[in-house]
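J.: Dropping a structure here in structure tokens format, bear with me for questions.
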Protein chains: 2
Amino acid sequence: MFKIRSLVSALMLAGSVSVASAWEALPTAAPEPADNPSSEAKIELGQILYHDPRLSSTGTVSCASCHNTMLGGEDNRPNAMGVHGQTGGRSAPTVWNAAFSKVQFWDGRAATLEDQAAGPVTNPIEMGMKSWDDVVARLKAIDGYQELFESAFGKDSITKENATKAIAAYERTLITPNSPYDKYVKGDESALTAQQIRGMQKFEEVGCTSCHSGPAFNGEGAFHKFPVADNGYFEAQHHFKKDKGLAEVSKNPADEHLWKVPTLRNIALTAPYFHNGSVKSLESAVEVMAKLQLGKDLSKEETADIVAFLKALTGEFPRQKMPVLPGTHGTTLN
Amino acid sequence: MFKIRSLVSALMLAGSVSVASAWEALPTAAPEPADNPSSEAKIELGQILYHDPRLSSTGTVSCASCHNTMLGGEDNRPNAMGVHGQTGGRSAPTVWNAAFSKVQFWDGRAATLEDQAAGPVTNPIEMGMKSWDDVVARLKAIDGYQELFESAFGKDSITKENATKAIAAYERTLITPNSPYDKYVKGDESALTAQQIRGMQKFEEVGCTSCHSGPAFNGEGAFHKFPVADNGYFEAQHHFKKDKGLAEVSKNPADEHLWKVPTLRNIALTAPYFHNGSVKSLESAVEVMAKLQLGKDLSKEETADIVAFLKALTGEFPRQKMPVLPGTHGTTLN
């Protein structure tokens with residue numbers, strides 16, 4: 001553990017002494033994997049699947065229920081609520097700009113959006129389907145899905161693999177460009193307030209950019225230990241260490257409390273904060289991070305400046321068409 | 001009770017001997033009440049409120065959760081599922097074309113869409129808010145709502161009354177015209193198949209039109225007793241009489257088993273059927289209605305013809321823009 005902490009500290013120092021970060025605007029298109037090139041038909045199907053609650057055992061929970069595309073890409077809850085009102089210990093990460101991370105889920109256990117999309121559907125406390133075979137059977141019973149899959153993937157193509165590919169293709173379109181920060185970085189000096197510019201400088205100076213780097217402020221898929229410092233005060237309030245992060249899956253002690261670096265894009269919209277949603281305000285989140293990860297006590301003004309900067313990371317949300325889900329014809333689904 | 005049944009039977013006879021029903025196409029605009037004229041700003045606000053799960057205690061259930069505007073206006077479940085996975089005894093009625101009924105809820109206890117919209121928000125097993133004061137406080141805490149209400153109703157206008165007016169104004173736009181039936185009635189003889197035309201004639205001949213009349217096939221807000229006939233076989237299967245309908249609210253024995261006549265528009269999309277969602281297929285629903293309400297045993301062919309006709313009542317669903325819900329800024333809601 002000490003070794004990891006030293007490494008982290010070294011990285012932070014490197015961050016804090018660099019003269020200027022490579023501030024980058026958000027790309028307007030996400031990279032596509034070679035085995036899942038996008039198409040209009042795939043994106044349309046993916047949007048429909050993403051919003052279809054019939055992909056859950058009760059017919060009440062869709063991907064969008066917890067990763068709300070009408071909001072900040074999540075549910076503003078401490079932890080997500082799945083079928084039968086069940087909750088787990090983790091907060092739903094935002095789907096907006098998820099395409100710019102090389103790892104998915106809080107613990108980064110999925111390498112691709114395609115892999116991620118397969119998970120919640122059969123998680124008993126999320127969407128609760130018994131198996132993907134059951135999901136495929138349900139989709140096959142809806143005529144409209146036969147046609148939509150055919151347009152996207154060819155004849156008789158309703159499979160788990162194609163469903164998750166379509167969802168991932170849709171998610172790659174969920175990008176929020178043109179935040180005040182992006183406009184500023186592209187040369188519009190009036191896009192940020194004086195306080196936001198101070199906050200931007202402070203954000204770099206205290207070392208936030210050592211992890212929250214790149215255009216999505218997520219290290220582009222880096223893992224990091226959280227919390228780095230032991231702090232009884234914060235731990236008693238927030239119980240951050242109760243969840244062992246990646247080690248919960250890998251069972252490898254070296255992975256204890258390792259987490260994906262989450263994006264800070266649209267962070268103002270996604271309270272409450274952290275993997276367990278235990279911190280209610282962005283002010284508190286900044287104080288917690290400065291103390292636990294960087295060993296720093298920020299002044300009230302410094303915190304306010306950084307928060308003002310983070311609010312400048314709220315982008316423009318594309319106006320989507322609402323999908324029309326294919327209906328069943330005169331009968332219920334099993 | 002006998003008196004009501006006699007009246008109902010008389011109405012049915014009147015229906016079944018009429019030479020031809022006044023077959024009417026669905027209007028493309030709904031009537032507006034004098035105290036709530038529509039406006040673009042009201043409709044926009046209403047669409048946002050309708051889709052905002054933060055109007056529920058858990059932040060997980062919006063109007064759209066049970067009355068899904070991406071589907072047939074309901075949830076394809078036997079009974080609706082509210083906060084914490086709770087269920088009641090009734091099936092969610094469709095929101096599509098609800099503006100063409102003069103009474104709302106299965107038991108018709110609300111006279112307007114405005115009154116209806118106020119109900120589920122504070123129903124403990126639906127959206128579970130403690131009071132409308134709490135809802136208003138939550139809306140006031142979201143800057144974007146201040147602006148949206150101001151555009152629709154003027155300054156400092158976040159109230160229960162205005163919220164339900166906006167939702168009702170939005171619901172009045174949820175109309176599905178141009179079904180094959182509508183095209184046929186307007187003169188396109190190729191819009192219905194021969195079987196559907198036979199079904200349309202049979203639908204009238206057996207007496208369905210005595211209650212399911214008017215352009216929305218809902219008697220435009222009529223009440224009716226269901227079931228009319230006592231039938232141990234169906235009752236043992238479906239428990240229709242367990243719920244006393246309007247009498248559950250009015251406590252008046254004369255209202256026992258009185259229900260709003262539900263619309264048949266888009267009926268193919270809204271399985272399962274009846275107030276308690278106990279009938280899984282449209283075929284069964286037609287058989288049950290013929291037997292219990294009209295005392296008739298239909299042949300397999302007659303049932304199939306009527307079902308084919310009912311499928312011709314599926315209209316065109318307008319492509320809506322997905323609303324962008326106003327966000328909280330760096331903090332959770334209470």
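In the structure tokens, chains take the letters A, B, ... in the order shown, each chain's residues start at 1, and ligands count up from 1 in the order shown.
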Enumerate as a list in words the residues belonging to chain B that approach chain A to within 7 Å, with only C-alpha atoms taken into account.

T.: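 Here is what falls inside 7 Å: Met70, Leu71, Asn76, Val83, His84, Gly85, Ala268, Leu269, Ala271, Pro272, Lys280, Ser281, Leu282, Arg319, Gln320, Lys321, Met322, Pro323, Val324, Leu325, Gly327, Thr328, His329, Gly330, Thr331 and Thr332 of chain B.
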
J.: I'd like the contact shell of Thr263 in chain A - 12 Å cut-off, only C-alpha atoms, skipping same-chain residues fewer than 5 positions apart - returned as a PDB file with C-alpha atoms, in the first residue's frame.

T.:
```pdb
ATOM      1  CA  LEU A  26     -13.766  17.812 -25.863  1.00  0.00           C
ATOM      2  CA  GLY A  73     -26.533  10.998 -17.531  1.00  0.00           C
ATOM      3  CA  PRO A  93     -21.742   6.944 -13.245  1.00  0.00           C
ATOM      4  CA  THR A  94     -22.758   9.351 -15.998  1.00  0.00           C
ATOM      5  CA  VAL A  95     -23.226   7.981 -19.505  1.00  0.00           C
ATOM      6  CA  TRP A  96     -22.403  11.349 -21.092  1.00  0.00           C
ATOM      7  CA  ASN A  97     -18.885  11.220 -22.568  1.00  0.00           C
ATOM      8  CA  ALA A  98     -18.369   7.670 -21.234  1.00  0.00           C
ATOM      9  CA  ALA A  99     -17.048   6.905 -24.711  1.00  0.00           C
ATOM     10  CA  PHE A 100     -13.909   8.871 -23.782  1.00  0.00           C
ATOM     11  CA  SER A 101     -12.898   6.431 -21.053  1.00  0.00           C
ATOM     12  CA  LYS A 102     -10.940   3.269 -21.746  1.00  0.00           C
ATOM     13  CA  VAL A 103     -12.462   1.535 -18.724  1.00  0.00           C
ATOM     14  CA  GLN A 104     -16.087   1.365 -17.556  1.00  0.00           C
ATOM     15  CA  PHE A 105     -17.946   0.926 -14.227  1.00  0.00           C
ATOM     16  CA  TRP A 106     -16.634   2.667 -11.109  1.00  0.00           C
ATOM     17  CA  THR A 209      -4.796  17.474 -13.219  1.00  0.00           C
ATOM     18  CA  CYS A 211      -5.308  12.314 -12.401  1.00  0.00           C
ATOM     19  CA  HIS A 212      -8.175  14.291 -13.941  1.00  0.00           C
ATOM     20  CA  SER A 213      -6.323  14.884 -17.198  1.00  0.00           C
ATOM     21  CA  GLY A 214      -7.220  14.814 -20.864  1.00  0.00           C
ATOM     22  CA  PRO A 215     -10.228  16.317 -22.604  1.00  0.00           C
ATOM     23  CA  ALA A 216     -12.720  14.457 -20.394  1.00  0.00           C
ATOM     24  CA  PHE A 217     -10.740  15.113 -17.170  1.00  0.00           C
ATOM     25  CA  ASN A 218     -10.679  11.366 -16.523  1.00  0.00           C
ATOM     26  CA  GLY A 219      -7.097  10.343 -17.213  1.00  0.00           C
ATOM     27  CA  GLU A 220      -8.583   8.651 -20.284  1.00  0.00           C
ATOM     28  CA  GLY A 221      -9.120   5.419 -18.450  1.00  0.00           C
ATOM     29  CA  ALA A 222      -6.528   5.576 -15.668  1.00  0.00           C
ATOM     30  CA  ALA A 268     -22.154  20.067 -11.423  1.00  0.00           C
ATOM     31  CA  THR A 270     -24.275  14.732 -10.996  1.00  0.00           C
ATOM     32  CA  TYR A 273     -20.550  12.471  -5.386  1.00  0.00           C
ATOM     33  CA  PHE A 274     -18.014   9.608  -5.112  1.00  0.00           C
ATOM     34  CA  LEU A 310     -15.839  22.792 -12.412  1.00  0.00           C
ATOM     35  CA  LEU A 313     -17.316  21.936 -17.495  1.00  0.00           C
ATOM     36  CA  THR A 314     -21.072  21.645 -18.085  1.00  0.00           C
TER      37      THR A 314
END
```

J.: Could you jot down the CA of Leu55 in chain B to CA of His67 in chain B separation for me, Å, one decimal place?

T.: 14.5 Å

J.: Which range 51-158 of chain A residues have any atom within 10 Å of an atom of range 249-258 of chain A, and for each, what is the nearest pair of atoms with distance in Å to one decimal, counting only C-alpha atoms, rows sorted by chain and number, as a tab-separated table?

T.:
```
residue	atom	partner	partner_atom	distance
A:Trp106	CA	A:Leu258	CA	9.3
A:Asp107	CA	A:Leu258	CA	6.9
A:Gly108	CA	A:Leu258	CA	8.8
A:Arg109	CA	A:Val249	CA	7.7
```

J.: Can I get the selected residues back with N, CA and C atoms, as a tab-separated table (two decimals), in the first residue's frame?

T.:
```tsv
chain	number	residue	atom	x	y	z
A	106	TRP	N	-17.47	1.96	-12.09
A	106	TRP	CA	-16.63	2.67	-11.11
A	106	TRP	C	-15.30	1.96	-10.89
A	107	ASP	N	-15.35	0.62	-10.89
A	107	ASP	CA	-14.11	-0.12	-10.62
A	107	ASP	C	-13.37	-0.48	-11.90
A	108	GLY	N	-13.84	0.04	-13.03
A	108	GLY	CA	-13.11	-0.14	-14.29
A	108	GLY	C	-13.03	-1.58	-14.77
A	109	ARG	N	-13.96	-2.45	-14.30
A	109	ARG	CA	-13.81	-3.87	-14.63
A	109	ARG	C	-14.19	-4.22	-16.06
```

J.: How far is it from CA of Ala191 in chain A to CA of Arg265 in chain A, in Å with one decimal?

T.: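 Between CA of Ala191 in chain A and CA of Arg265 in chain A the gap works out to 16.2 Å.
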
J.: Can you tell me, as a list in words, what residues are no more than 7 Å from range 32-43 of chain B when counting only C-alpha atoms, ignoring any on the same chain fewer than 4 positions away?

T.: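 Once the nearby chain positions are removed, what remains is Gln47, Ser151, Ala152, Lys165, Ala166, Ala169 and Tyr170 of chain B.
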
J.: Between CA of Ser57 in chain B and CA of Val121 in chain B, what is the spacing in Å?

T.: 8.8 Å

J.: Mind checking which residues fall within 9 Å of Leu192 in chain A, counting only C-alpha atoms, ignoring those fewer than 4 positions away in the same chain, and posting them as an NGL selection string?

T.: :A and (180-181 or 183-184 or 188 or 196-197 or 309 or 312)

J.: What are the DSSP helix (DSSP H, G or I) residues of range 217-315 of chain B, as a PyMOL selection string?

T.: chain B and resi 232-238+240-242+247-250+253-255+267-269+282-294+300-311
